[in-house]
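Listing of coords_34.pdb, PDB, C-alpha atoms, pLDDT in the B column
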ATOM      1  CA  MET A  14     -45.443 -46.631 213.790  1.00 56.00           C
ATOM      2  CA  ALA A  15     -44.376 -50.280 214.058  1.00 67.00           C
ATOM      3  CA  ARG A  16     -48.023 -51.350 214.420  1.00 69.00           C
ATOM      4  CA  ARG A  17     -48.893 -49.417 211.278  1.00 68.00           C
ATOM      5  CA  VAL A  18     -46.132 -51.110 209.282  1.00 80.00           C
ATOM      6  CA  THR A  19     -47.044 -54.556 210.592  1.00 89.00           C
ATOM      7  CA  ALA A  20     -50.725 -54.031 209.835  1.00 90.00           C
ATOM      8  CA  ALA A  21     -49.916 -52.660 206.376  1.00 94.00           C
ATOM      9  CA  ARG A  22     -47.778 -55.694 205.636  1.00 96.00           C
ATOM     10  CA  ARG A  23     -50.514 -58.135 206.686  1.00 96.00           C
ATOM     11  CA  TYR A  24     -53.227 -56.398 204.653  1.00 96.00           C
ATOM     12  CA  ALA A  25     -50.965 -56.158 201.595  1.00 97.00           C
ATOM     13  CA  GLU A  26     -50.004 -59.814 201.806  1.00 97.00           C
ATOM     14  CA  ALA A  27     -53.661 -60.821 202.130  1.00 96.00           C
ATOM     15  CA  ALA A  28     -54.650 -58.738 199.089  1.00 97.00           C
ATOM     16  CA  PHE A  29     -51.703 -60.117 197.144  1.00 97.00           C
ATOM     17  CA  GLU A  30     -52.601 -63.715 197.964  1.00 97.00           C
ATOM     18  CA  ILE A  31     -56.228 -63.126 196.955  1.00 96.00           C
ATOM     19  CA  GLY A  32     -55.097 -61.601 193.667  1.00 96.00           C
ATOM     20  CA  ARG A  33     -52.658 -64.412 192.990  1.00 97.00           C
ATOM     21  CA  ALA A  34     -55.224 -67.101 193.792  1.00 97.00           C
ATOM     22  CA  ASP A  35     -57.869 -65.438 191.601  1.00 96.00           C
ATOM     23  CA  ARG A  36     -55.333 -64.508 188.902  1.00 96.00           C
ATOM     24  CA  THR A  37     -56.395 -60.866 189.241  1.00 96.00           C
ATOM     25  CA  LEU A  38     -53.074 -59.274 190.218  1.00 97.00           C
ATOM     26  CA  ASP A  39     -53.235 -56.821 187.298  1.00 96.00           C
ATOM     27  CA  ALA A  40     -56.673 -55.606 188.410  1.00 96.00           C
ATOM     28  CA  TRP A  41     -55.470 -55.311 192.016  1.00 97.00           C
ATOM     29  CA  GLU A  42     -52.453 -53.345 190.791  1.00 97.00           C
ATOM     30  CA  ARG A  43     -54.697 -50.846 188.963  1.00 97.00           C
ATOM     31  CA  ASP A  44     -57.004 -50.582 191.977  1.00 97.00           C
ATOM     32  CA  MET A  45     -54.101 -49.999 194.368  1.00 97.00           C
ATOM     33  CA  ALA A  46     -52.738 -47.258 192.100  1.00 96.00           C
ATOM     34  CA  THR A  47     -56.152 -45.573 192.038  1.00 95.00           C
ATOM     35  CA  ILE A  48     -56.540 -45.857 195.805  1.00 96.00           C
ATOM     36  CA  GLY A  49     -53.016 -44.516 196.325  1.00 95.00           C
ATOM     37  CA  GLY A  50     -53.737 -41.498 194.151  1.00 94.00           C
ATOM     38  CA  THR A  51     -57.017 -40.881 195.938  1.00 93.00           C
ATOM     39  CA  MET A  52     -55.441 -41.155 199.393  1.00 93.00           C
ATOM     40  CA  LYS A  53     -52.975 -38.380 198.542  1.00 93.00           C
ATOM     41  CA  HIS A  54     -55.741 -35.800 198.903  1.00 94.00           C
ATOM     42  CA  PRO A  55     -55.268 -34.140 202.313  1.00 94.00           C
ATOM     43  CA  GLU A  56     -59.006 -33.536 202.846  1.00 95.00           C
ATOM     44  CA  LEU A  57     -59.832 -37.206 202.386  1.00 94.00           C
ATOM     45  CA  ARG A  58     -56.953 -38.238 204.617  1.00 92.00           C
ATOM     46  CA  ARG A  59     -58.122 -35.883 207.383  1.00 94.00           C
ATOM     47  CA  LEU A  60     -61.694 -37.134 207.077  1.00 94.00           C
ATOM     48  CA  LEU A  61     -60.652 -40.792 207.345  1.00 93.00           C
ATOM     49  CA  GLN A  62     -58.375 -40.153 210.325  1.00 92.00           C
ATOM     50  CA  HIS A  63     -60.770 -37.923 212.269  1.00 93.00           C
ATOM     51  CA  PRO A  64     -62.087 -39.891 215.278  1.00 92.00           C
ATOM     52  CA  ALA A  65     -65.293 -37.815 215.662  1.00 94.00           C
ATOM     53  CA  ILE A  66     -66.616 -38.601 212.185  1.00 94.00           C
ATOM     54  CA  PRO A  67     -68.773 -41.743 212.204  1.00 95.00           C
ATOM     55  CA  PHE A  68     -67.637 -44.721 210.143  1.00 95.00           C
ATOM     56  CA  ALA A  69     -70.849 -44.639 208.068  1.00 96.00           C
ATOM     57  CA  GLU A  70     -69.952 -41.153 206.844  1.00 96.00           C
ATOM     58  CA  LYS A  71     -66.380 -42.213 206.051  1.00 95.00           C
ATOM     59  CA  GLU A  72     -67.713 -45.211 204.143  1.00 95.00           C
ATOM     60  CA  ARG A  73     -70.160 -43.084 202.160  1.00 96.00           C
ATOM     61  CA  VAL A  74     -67.462 -40.593 201.167  1.00 95.00           C
ATOM     62  CA  LEU A  75     -64.908 -43.272 200.310  1.00 94.00           C
ATOM     63  CA  ARG A  76     -67.348 -45.224 198.123  1.00 93.00           C
ATOM     64  CA  ALA A  77     -68.380 -41.997 196.356  1.00 93.00           C
ATOM     65  CA  VAL A  78     -64.778 -40.969 195.749  1.00 92.00           C
ATOM     66  CA  MET A  79     -63.666 -44.390 194.511  1.00 88.00           C
ATOM     67  CA  GLY A  80     -66.748 -44.718 192.324  1.00 78.00           C
ATOM     68  CA  ARG A  81     -66.915 -47.523 189.820  1.00 81.00           C
ATOM     69  CA  GLY A  82     -63.207 -47.334 189.018  1.00 86.00           C
ATOM     70  CA  VAL A  83     -62.135 -49.581 191.879  1.00 94.00           C
ATOM     71  CA  ALA A  84     -63.254 -53.149 192.487  1.00 95.00           C
ATOM     72  CA  PRO A  85     -65.474 -53.674 195.539  1.00 94.00           C
ATOM     73  CA  ALA A  86     -62.908 -55.998 197.148  1.00 95.00           C
ATOM     74  CA  ALA A  87     -60.237 -53.281 197.113  1.00 96.00           C
ATOM     75  CA  VAL A  88     -62.639 -50.660 198.486  1.00 95.00           C
ATOM     76  CA  ASN A  89     -63.736 -53.092 201.185  1.00 96.00           C
ATOM     77  CA  LEU A  90     -60.099 -53.674 202.144  1.00 96.00           C
ATOM     78  CA  VAL A  91     -59.577 -49.933 202.657  1.00 96.00           C
ATOM     79  CA  LEU A  92     -62.853 -49.669 204.571  1.00 96.00           C
ATOM     80  CA  LEU A  93     -61.789 -52.556 206.810  1.00 96.00           C
ATOM     81  CA  MET A  94     -58.548 -50.746 207.580  1.00 96.00           C
ATOM     82  CA  VAL A  95     -60.458 -47.533 208.357  1.00 95.00           C
ATOM     83  CA  ARG A  96     -62.972 -49.376 210.554  1.00 95.00           C
ATOM     84  CA  ARG A  97     -60.130 -50.946 212.542  1.00 94.00           C
ATOM     85  CA  GLY A  98     -58.538 -47.546 213.112  1.00 92.00           C
ATOM     86  CA  ARG A  99     -55.702 -47.935 210.616  1.00 93.00           C
ATOM     87  CA  PRO A 100     -56.329 -45.364 207.866  1.00 93.00           C
ATOM     88  CA  GLY A 101     -52.691 -44.270 208.124  1.00 91.00           C
ATOM     89  CA  ALA A 102     -51.609 -47.778 207.124  1.00 94.00           C
ATOM     90  CA  VAL A 103     -53.315 -47.624 203.712  1.00 95.00           C
ATOM     91  CA  GLU A 104     -50.382 -45.982 201.926  1.00 94.00           C
ATOM     92  CA  PRO A 105     -47.733 -48.310 203.438  1.00 95.00           C
ATOM     93  CA  MET A 106     -50.028 -51.218 202.527  1.00 97.00           C
ATOM     94  CA  ILE A 107     -50.077 -50.080 198.895  1.00 97.00           C
ATOM     95  CA  ALA A 108     -46.285 -49.735 198.896  1.00 95.00           C
ATOM     96  CA  ARG A 109     -45.899 -53.245 200.317  1.00 96.00           C
ATOM     97  CA  PHE A 110     -48.364 -54.625 197.740  1.00 97.00           C
ATOM     98  CA  SER A 111     -46.295 -53.029 194.951  1.00 96.00           C
ATOM     99  CA  GLU A 112     -43.150 -54.542 196.438  1.00 94.00           C
ATOM    100  CA  LEU A 113     -44.722 -58.018 196.495  1.00 96.00           C
ATOM    101  CA  LEU A 114     -45.934 -57.578 192.926  1.00 97.00           C
ATOM    102  CA  ARG A 115     -42.473 -56.540 191.709  1.00 94.00           C
ATOM    103  CA  ARG A 116     -40.927 -59.528 193.459  1.00 93.00           C
ATOM    104  CA  GLU A 117     -43.496 -61.846 191.865  1.00 94.00           C
ATOM    105  CA  ARG A 118     -42.667 -60.444 188.426  1.00 94.00           C
ATOM    106  CA  GLY A 119     -38.902 -60.481 188.963  1.00 92.00           C
ATOM    107  CA  VAL A 120     -38.516 -56.700 188.908  1.00 94.00           C
ATOM    108  CA  ALA A 121     -36.107 -54.844 191.185  1.00 93.00           C
ATOM    109  CA  LEU A 122     -36.836 -51.309 192.403  1.00 94.00           C
ATOM    110  CA  ALA A 123     -33.892 -48.944 191.980  1.00 95.00           C
ATOM    111  CA  GLN A 124     -33.991 -45.612 193.786  1.00 96.00           C
ATOM    112  CA  VAL A 125     -31.896 -43.408 191.515  1.00 96.00           C
ATOM    113  CA  ARG A 126     -30.623 -40.024 192.720  1.00 97.00           C
ATOM    114  CA  THR A 127     -28.937 -37.679 190.255  1.00 96.00           C
ATOM    115  CA  ALA A 128     -27.740 -34.089 190.439  1.00 93.00           C
ATOM    116  CA  LEU A 129     -29.624 -33.220 187.231  1.00 94.00           C
ATOM    117  CA  PRO A 130     -32.670 -34.809 185.594  1.00 95.00           C
ATOM    118  CA  LEU A 131     -31.884 -37.712 183.265  1.00 95.00           C
ATOM    119  CA  ASP A 132     -32.842 -37.457 179.612  1.00 96.00           C
ATOM    120  CA  GLY A 133     -34.278 -40.425 177.718  1.00 94.00           C
ATOM    121  CA  ALA A 134     -30.936 -41.788 176.487  1.00 96.00           C
ATOM    122  CA  GLN A 135     -29.315 -41.501 179.915  1.00 95.00           C
ATOM    123  CA  ARG A 136     -32.315 -43.160 181.556  1.00 96.00           C
ATOM    124  CA  ALA A 137     -32.111 -46.070 179.093  1.00 95.00           C
ATOM    125  CA  GLU A 138     -28.358 -46.437 179.684  1.00 96.00           C
ATOM    126  CA  VAL A 139     -28.762 -46.444 183.478  1.00 95.00           C
ATOM    127  CA  ALA A 140     -31.604 -48.987 183.228  1.00 95.00           C
ATOM    128  CA  ALA A 141     -29.510 -51.240 180.960  1.00 95.00           C
ATOM    129  CA  ARG A 142     -26.531 -51.142 183.337  1.00 95.00           C
ATOM    130  CA  LEU A 143     -28.734 -51.838 186.348  1.00 94.00           C
ATOM    131  CA  ARG A 144     -30.355 -54.745 184.500  1.00 94.00           C
ATOM    132  CA  VAL A 145     -26.895 -56.262 183.933  1.00 94.00           C
ATOM    133  CA  LEU A 146     -25.882 -55.552 187.538  1.00 90.00           C
ATOM    134  CA  THR A 147     -28.987 -57.123 189.108  1.00 89.00           C
ATOM    135  CA  GLY A 148     -29.748 -59.787 186.522  1.00 90.00           C
ATOM    136  CA  SER A 149     -33.418 -58.778 186.467  1.00 91.00           C
ATOM    137  CA  GLN A 150     -35.729 -56.122 185.110  1.00 94.00           C
ATOM    138  CA  VAL A 151     -35.417 -52.792 186.903  1.00 94.00           C
ATOM    139  CA  GLU A 152     -38.048 -50.203 187.798  1.00 94.00           C
ATOM    140  CA  MET A 153     -36.444 -46.844 188.467  1.00 96.00           C
ATOM    141  CA  ASP A 154     -37.681 -44.306 191.004  1.00 95.00           C
ATOM    142  CA  GLU A 155     -35.809 -41.137 190.076  1.00 96.00           C
ATOM    143  CA  THR A 156     -35.045 -38.197 192.356  1.00 96.00           C
ATOM    144  CA  VAL A 157     -33.072 -35.060 191.549  1.00 96.00           C
ATOM    145  CA  ASP A 158     -30.701 -34.205 194.418  1.00 94.00           C
ATOM    146  CA  PRO A 159     -28.494 -31.142 193.761  1.00 92.00           C
ATOM    147  CA  ASP A 160     -26.428 -31.980 196.883  1.00 91.00           C
ATOM    148  CA  LEU A 161     -24.776 -34.783 194.882  1.00 91.00           C
ATOM    149  CA  ILE A 162     -23.012 -32.059 192.816  1.00 91.00           C
ATOM    150  CA  GLY A 163     -22.721 -34.504 189.908  1.00 92.00           C
ATOM    151  CA  GLY A 164     -22.903 -38.211 189.141  1.00 91.00           C
ATOM    152  CA  ILE A 165     -25.418 -40.748 190.368  1.00 95.00           C
ATOM    153  CA  ALA A 166     -26.322 -42.750 193.472  1.00 95.00           C
ATOM    154  CA  VAL A 167     -28.479 -45.882 193.196  1.00 96.00           C
ATOM    155  CA  ARG A 168     -30.043 -47.938 195.974  1.00 96.00           C
ATOM    156  CA  ILE A 169     -31.429 -51.384 195.179  1.00 93.00           C
ATOM    157  CA  GLY A 170     -32.699 -53.073 198.302  1.00 86.00           C
ATOM    158  CA  ASP A 171     -29.946 -52.678 200.865  1.00 88.00           C
ATOM    159  CA  GLN A 172     -27.180 -52.187 198.266  1.00 92.00           C
ATOM    160  CA  LEU A 173     -25.931 -48.653 197.556  1.00 93.00           C
ATOM    161  CA  TYR A 174     -23.959 -47.820 194.426  1.00 93.00           C
ATOM    162  CA  ASP A 175     -22.620 -44.303 194.851  1.00 93.00           C
ATOM    163  CA  ALA A 176     -20.810 -42.678 191.927  1.00 91.00           C
ATOM    164  CA  SER A 177     -21.577 -39.111 192.929  1.00 92.00           C
ATOM    165  CA  VAL A 178     -19.068 -36.279 192.958  1.00 93.00           C
ATOM    166  CA  ARG A 179     -20.003 -35.543 196.564  1.00 92.00           C
ATOM    167  CA  SER A 180     -19.067 -39.044 197.776  1.00 92.00           C
ATOM    168  CA  ARG A 181     -15.806 -38.937 195.801  1.00 92.00           C
ATOM    169  CA  LEU A 182     -14.923 -35.622 197.425  1.00 93.00           C
ATOM    170  CA  GLU A 183     -15.742 -37.015 200.868  1.00 92.00           C
ATOM    171  CA  ARG A 184     -13.543 -40.076 200.235  1.00 92.00           C
ATOM    172  CA  LEU A 185     -10.727 -37.822 199.052  1.00 93.00           C
ATOM    173  CA  ARG A 186     -11.069 -35.619 202.160  1.00 93.00           C
ATOM    174  CA  ALA A 187     -10.995 -38.723 204.376  1.00 94.00           C
ATOM    175  CA  ARG A 188      -7.787 -39.950 202.717  1.00 93.00           C
ATOM    176  CA  LEU A 189      -6.132 -36.548 202.961  1.00 93.00           C
ATOM    177  CA  THR A 190      -6.991 -36.100 206.639  1.00 92.00           C
ATOM    178  CA  ALA A 191      -5.886 -39.638 207.478  1.00 85.00           C
ATOM    179  CA  VAL A 192      -2.329 -38.916 206.355  1.00 71.00           C
TER     180      VAL A 192
END
I need this file expressed as structure tokens, please.
Amino acid sequence: MARRVTAARRYAEAAFEIGRADRTLDAWERDMATIGGTMKHPELRRLLQHPAIPFAEKERVLRAVMGRGVAPAAVNLVLLMVRRGRPGAVEPMIARFSELLRRERGVALAQVRTALPLDGAQRAEVAARLRVLTGSQVEMDETVDPDLIGGIAVRIGDQLYDASVRSRLERLRARLTAV
């Protein structure tokens, strides 16, 4: 697992540096999104990870699936990872690339967990408060978690802001049992 993460980080940083040097980060971002969506298909993932299938066949299928929608450099990057036996590192590589891109653009990723789905007004209010809190633009990754009972929990980097009913109840129980 650690090798996969390390390899993913190196490939992502290389792709990011190429995109920054060529001023093609937007194109790389679109290509990475397309590749990420394509790699979610279980059949393709199994094909790329199967050791008995020759690389030439994997290359043929991958080029056919990606088609003309993805730049050759991005396809070649994925093929290089497959050839070197790291097809499982493609998705972590895309995640790391997105992280580098957000950092370059001054955008923070907020993992927002709520007990119920947010409507448009609530989403805008949460984004505005997080923008003030972080001092930068915020991209929200929302998850509905009924275990929270109510409220919201937000993780930005290694910071956790927990205003959920569940955490309040746990704090109350801790205070009551400490007495």
Using only C-alpha atoms, determine which residues lie at most 9 Å from stretch 121-130 of chain A, disregarding the query and same-chain residues fewer than 2 positions distant; provide the list as a PyMOL selection string.
chain A and resi 112+115-116+119+132+143-144+147+149-170+177
Applying the PyMOL selection byres ((chain A and resi 82) around 12) to the file I just gave you, which residues come out? Please list them as number ranges by chain.
A: 40-41, 43-48, 51, 76-81, 83-88
Using only C-alpha atoms, determine which residues lie at most 10 Å from A:Ala20, disregarding the query and same-chain residues fewer than 6 positions distant; provide the list as a CSV table (one decimal) with C-alpha atoms, in the frame of the given file.
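result36.csv written:
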chain,number,residue,atom,x,y,z
A,14,MET,CA,-45.4,-46.6,213.8
A,26,GLU,CA,-50.0,-59.8,201.8
A,94,MET,CA,-58.5,-50.7,207.6
A,99,ARG,CA,-55.7,-47.9,210.6
A,102,ALA,CA,-51.6,-47.8,207.1
A,103,VAL,CA,-53.3,-47.6,203.7
A,105,PRO,CA,-47.7,-48.3,203.4
A,106,MET,CA,-50.0,-51.2,202.5
As AutoDock Vina command-line options: centre and edge lengths in Å, one decimal, of the axis-aligned box holding stretch 154-161 of chain A with 5 Å per side:
--center_x -31.2 --center_y -37.7 --center_z 193.5 --size_x 22.9 --size_y 23.2 --size_z 16.8
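Residue neighbourhood of stretch 57-74 of chain A, excluding near-sequence residues (fewer than 2 positions): Met52, His54, Pro55, Arg76, Ala77, Val78, Leu92, Val95, Arg96 and Pro100 of chain A, at 7 Å, using all atoms listed in the file.
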Atom CA of A:Gly101 to atom CA of A:Asp171: how many Å, to one decimal?
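About the pair atom CA of A:Gly101 and atom CA of A:Asp171: they are 25.3 Å apart.
Restricting the calculation to all atoms listed in the file, the smallest distance between A:Leu90 and any of A:Ala141, A:Leu173, A:Ala21, A:Leu185 is found for A:Ala21.
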d(atom CA of A:Tyr24, atom CA of A:Ala108) in Å:
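If I compute the distance from atom CA of A:Tyr24 to atom CA of A:Ala108, I get 11.2 Å.
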